[in-house]
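Asker: Here it is, the structure in full.
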Amino acid sequence: MKLYLYFIGKPRSPEANRIAADFIQRSAHYSSCEMREIRPDRVDLWQRHPAARKVFLDPAGREMNSRDFTGLIEKAQMEGRDLVFALLAEQIYRAFTTLRGHPYPR
């Protein structure tokens, strides 16, 4: 399984970008992770990752609690299926630590 975290546009907060990069680095201990900026007019995520499950942040979408999100990560690992996300670095790290029985450092 590989995780792809895409964000649209330049990060506005260097501190937020540093925090996200830190969580991506931590998550890389569990799975290959990649984070990058994309331009929607140049990238078709459905064509680039046809078999991957896509997870996006949408106010009209289905709400997930931490248990459901961890289940999403677990299912993708079991299926060997890549995941494509909107920016969710901290939640991904939390799911991996929960699956491995590690305490999550808050």
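For the structure tokens, the naming scheme is as follows: chains receive sequential letters (A, B, ...) according to their order of presentation, residues are indexed from 1 within each chain, and ligands are indexed from 1 in presentation order.
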Find the residues around region 23-34 of chain A up to 9 Å (only C-alpha atoms counted), leave out those fewer than 2 positions away in its own chain, and share them as a PyMOL selection string.
Answerer: chain A and resi 1-6+18-21+36+89-94+96-97
Asker: Would you save the residues from that selection as an mmCIF file, in the first residue's frame, using C-alpha atoms?
Answerer:
data_model
loop_
_atom_site.group_PDB
_atom_site.id
_atom_site.type_symbol
_atom_site.label_atom_id
_atom_site.label_comp_id
_atom_site.auth_asym_id
_atom_site.auth_seq_id
_atom_site.Cartn_x
_atom_site.Cartn_y
_atom_site.Cartn_z
ATOM 1 C CA MET A 1 0.000 0.000 0.000
ATOM 2 C CA LYS A 2 1.176 3.520 -0.762
ATOM 3 C CA LEU A 3 -0.364 6.753 0.484
ATOM 4 C CA TYR A 4 -0.576 9.823 -1.708
ATOM 5 C CA LEU A 5 -1.486 13.122 -0.048
ATOM 6 C CA TYR A 6 -2.241 15.895 -2.491
ATOM 7 C CA ARG A 18 6.214 21.666 8.615
ATOM 8 C CA ILE A 19 3.760 19.877 10.907
ATOM 9 C CA ALA A 20 2.225 17.952 7.981
ATOM 10 C CA ALA A 21 5.690 16.976 6.716
ATOM 11 C CA ARG A 36 2.776 17.135 -3.007
ATOM 12 C CA ALA A 89 -1.286 13.828 7.582
ATOM 13 C CA GLU A 90 -1.958 13.787 11.329
ATOM 14 C CA GLN A 91 -4.989 11.506 11.079
ATOM 15 C CA ILE A 92 -3.054 9.004 8.963
ATOM 16 C CA TYR A 93 -0.241 8.841 11.524
ATOM 17 C CA ARG A 94 -2.794 8.393 14.339
ATOM 18 C CA PHE A 96 -1.133 3.712 11.921
ATOM 19 C CA THR A 97 -0.098 4.063 15.579
#
Asker: For the structure I just gave you, how does DSSP split region 22-88 of chain A - specifically, which residues are strand (DSSP E)? Reply as a list in words.
Answerer: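 These are the residues in question: Ser32, Cys33, Glu34, Met35, Arg36, Glu37, Ile38, Arg53, Lys54, Val55, Leu83, Val84 and Phe85 of chain A.
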Asker: May I have the selected residues written with all heavy atoms, as a compact mmCIF listing (two decimals), in the first residue's frame?
Answerer:
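Ended up saving to selection-v5.txt:
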# COMPACT_ATOMS: atom_id res chain seq x y z
N SER A 32 4.74 3.55 2.63
CA SER A 32 5.31 4.56 1.75
C SER A 32 4.32 5.71 1.61
O SER A 32 3.13 5.49 1.35
CB SER A 32 5.58 3.92 0.38
OG SER A 32 6.06 4.87 -0.51
N CYS A 33 4.78 6.93 1.83
CA CYS A 33 3.91 8.11 1.79
C CYS A 33 4.53 9.18 0.90
O CYS A 33 5.74 9.37 0.91
CB CYS A 33 3.74 8.70 3.19
SG CYS A 33 3.01 7.61 4.39
N GLU A 34 3.67 9.89 0.20
CA GLU A 34 4.12 10.97 -0.67
C GLU A 34 3.15 12.12 -0.54
O GLU A 34 1.94 11.93 -0.60
CB GLU A 34 4.13 10.44 -2.10
CG GLU A 34 4.58 11.41 -3.13
CD GLU A 34 4.54 10.78 -4.51
OE1 GLU A 34 5.14 9.70 -4.70
OE2 GLU A 34 3.91 11.36 -5.39
N MET A 35 3.68 13.35 -0.36
CA MET A 35 2.85 14.54 -0.24
C MET A 35 3.33 15.56 -1.27
O MET A 35 4.52 15.81 -1.37
CB MET A 35 2.94 15.13 1.17
CG MET A 35 2.08 16.35 1.38
SD MET A 35 2.04 16.94 3.09
CE MET A 35 3.68 17.60 3.30
N ARG A 36 2.38 16.12 -2.03
CA ARG A 36 2.78 17.14 -3.01
C ARG A 36 1.60 18.01 -3.41
O ARG A 36 0.45 17.62 -3.28
CB ARG A 36 3.40 16.51 -4.23
CG ARG A 36 2.43 15.74 -5.09
CD ARG A 36 3.02 15.33 -6.39
NE ARG A 36 4.11 14.40 -6.17
CZ ARG A 36 4.57 13.57 -7.08
NH1 ARG A 36 4.06 13.57 -8.27
NH2 ARG A 36 5.54 12.74 -6.81
N GLU A 37 1.96 19.17 -3.92
CA GLU A 37 0.97 20.11 -4.45
C GLU A 37 0.56 19.65 -5.85
O GLU A 37 1.39 19.14 -6.61
CB GLU A 37 1.59 21.50 -4.54
CG GLU A 37 0.70 22.51 -5.21
CD GLU A 37 1.42 23.81 -5.54
OE1 GLU A 37 2.64 23.92 -5.32
OE2 GLU A 37 0.75 24.71 -6.05
N ILE A 38 -0.71 19.83 -6.17
CA ILE A 38 -1.17 19.55 -7.52
C ILE A 38 -2.00 20.71 -8.04
O ILE A 38 -2.50 21.53 -7.26
CB ILE A 38 -2.03 18.26 -7.60
CG1 ILE A 38 -3.27 18.36 -6.71
CG2 ILE A 38 -1.21 17.04 -7.27
CD1 ILE A 38 -4.28 17.28 -6.94
N ARG A 53 -8.13 3.95 -3.73
CA ARG A 53 -9.33 4.51 -3.12
C ARG A 53 -9.06 5.98 -2.86
O ARG A 53 -8.03 6.35 -2.30
CB ARG A 53 -9.63 3.79 -1.81
CG ARG A 53 -10.87 4.29 -1.16
CD ARG A 53 -11.46 3.28 -0.25
NE ARG A 53 -12.77 3.73 0.17
CZ ARG A 53 -13.42 3.17 1.15
NH1 ARG A 53 -12.91 2.13 1.76
NH2 ARG A 53 -14.59 3.63 1.50
N LYS A 54 -9.98 6.85 -3.29
CA LYS A 54 -9.80 8.29 -3.13
C LYS A 54 -10.61 8.78 -1.93
O LYS A 54 -11.78 8.45 -1.78
CB LYS A 54 -10.27 9.05 -4.38
CG LYS A 54 -9.31 8.98 -5.55
CD LYS A 54 -9.44 7.70 -6.25
CE LYS A 54 -8.71 7.64 -7.57
NZ LYS A 54 -8.72 6.28 -8.10
N VAL A 55 -9.96 9.57 -1.08
CA VAL A 55 -10.60 10.12 0.12
C VAL A 55 -10.40 11.62 0.10
O VAL A 55 -9.27 12.10 0.10
CB VAL A 55 -9.99 9.51 1.41
CG1 VAL A 55 -10.66 10.09 2.64
CG2 VAL A 55 -10.07 8.00 1.39
N LEU A 83 -4.01 4.47 -1.37
CA LEU A 83 -4.99 5.48 -0.95
C LEU A 83 -4.53 6.84 -1.43
O LEU A 83 -3.36 7.18 -1.34
CB LEU A 83 -5.14 5.50 0.57
CG LEU A 83 -5.77 4.28 1.22
CD1 LEU A 83 -5.61 4.34 2.73
CD2 LEU A 83 -7.24 4.21 0.86
N VAL A 84 -5.46 7.63 -1.93
CA VAL A 84 -5.19 9.00 -2.35
C VAL A 84 -6.04 9.91 -1.46
O VAL A 84 -7.25 9.73 -1.37
CB VAL A 84 -5.56 9.22 -3.84
CG1 VAL A 84 -5.37 10.67 -4.23
CG2 VAL A 84 -4.73 8.32 -4.73
N PHE A 85 -5.40 10.87 -0.80
CA PHE A 85 -6.07 11.74 0.16
C PHE A 85 -5.94 13.21 -0.19
O PHE A 85 -4.96 13.64 -0.77
CB PHE A 85 -5.42 11.60 1.56
CG PHE A 85 -5.70 10.32 2.24
CD1 PHE A 85 -4.76 9.31 2.23
CD2 PHE A 85 -6.88 10.13 2.94
CE1 PHE A 85 -4.99 8.12 2.88
CE2 PHE A 85 -7.12 8.93 3.60
CZ PHE A 85 -6.17 7.93 3.57
Asker: Where in chain A does DSSP assign alpha helix (DSSP H), given as a PyMOL selection string?
Answerer: chain A and resi 14-27+45-48+66-79+89-99
Asker: Take the residues from that selection and put them in a file with C-alpha atoms, as a compact mmCIF listing (two decimals), in the first residue's frame.
Answerer:
# COMPACT_ATOMS: atom_id res chain seq x y z
CA PRO A 14 4.99 27.38 6.74
CA GLU A 15 4.31 26.05 10.25
CA ALA A 16 1.33 23.97 9.09
CA ASN A 17 3.41 22.60 6.21
CA ARG A 18 6.21 21.67 8.61
CA ILE A 19 3.76 19.88 10.91
CA ALA A 20 2.22 17.95 7.98
CA ALA A 21 5.69 16.98 6.72
CA ASP A 22 6.58 15.74 10.21
CA PHE A 23 3.50 13.48 10.34
CA ILE A 24 4.23 12.18 6.83
CA GLN A 25 7.77 11.32 7.92
CA ARG A 26 6.42 9.49 11.00
CA SER A 27 3.83 7.62 8.90
CA LEU A 45 -6.30 11.63 -9.91
CA TRP A 46 -8.68 9.03 -11.35
CA GLN A 47 -6.39 8.46 -14.33
CA ARG A 48 -3.16 8.65 -12.34
CA SER A 66 -11.24 7.93 14.40
CA ARG A 67 -12.34 4.29 14.55
CA ASP A 68 -13.87 4.44 11.07
CA PHE A 69 -10.79 6.17 9.66
CA THR A 70 -8.49 3.55 11.20
CA GLY A 71 -10.71 0.88 9.64
CA LEU A 72 -10.28 2.55 6.24
CA ILE A 73 -6.48 2.37 6.60
CA GLU A 74 -6.67 -1.24 7.82
CA LYS A 75 -8.85 -2.33 4.89
CA ALA A 76 -6.50 -0.72 2.36
CA GLN A 77 -3.52 -2.48 3.95
CA MET A 78 -5.28 -5.84 3.85
CA GLU A 79 -6.28 -5.33 0.20
CA ALA A 89 -1.29 13.83 7.58
CA GLU A 90 -1.96 13.79 11.33
CA GLN A 91 -4.99 11.51 11.08
CA ILE A 92 -3.05 9.00 8.96
CA TYR A 93 -0.24 8.84 11.52
CA ARG A 94 -2.79 8.39 14.34
CA ALA A 95 -4.46 5.50 12.46
CA PHE A 96 -1.13 3.71 11.92
CA THR A 97 -0.10 4.06 15.58
CA THR A 98 -3.53 2.78 16.69
CA LEU A 99 -3.25 -0.25 14.39
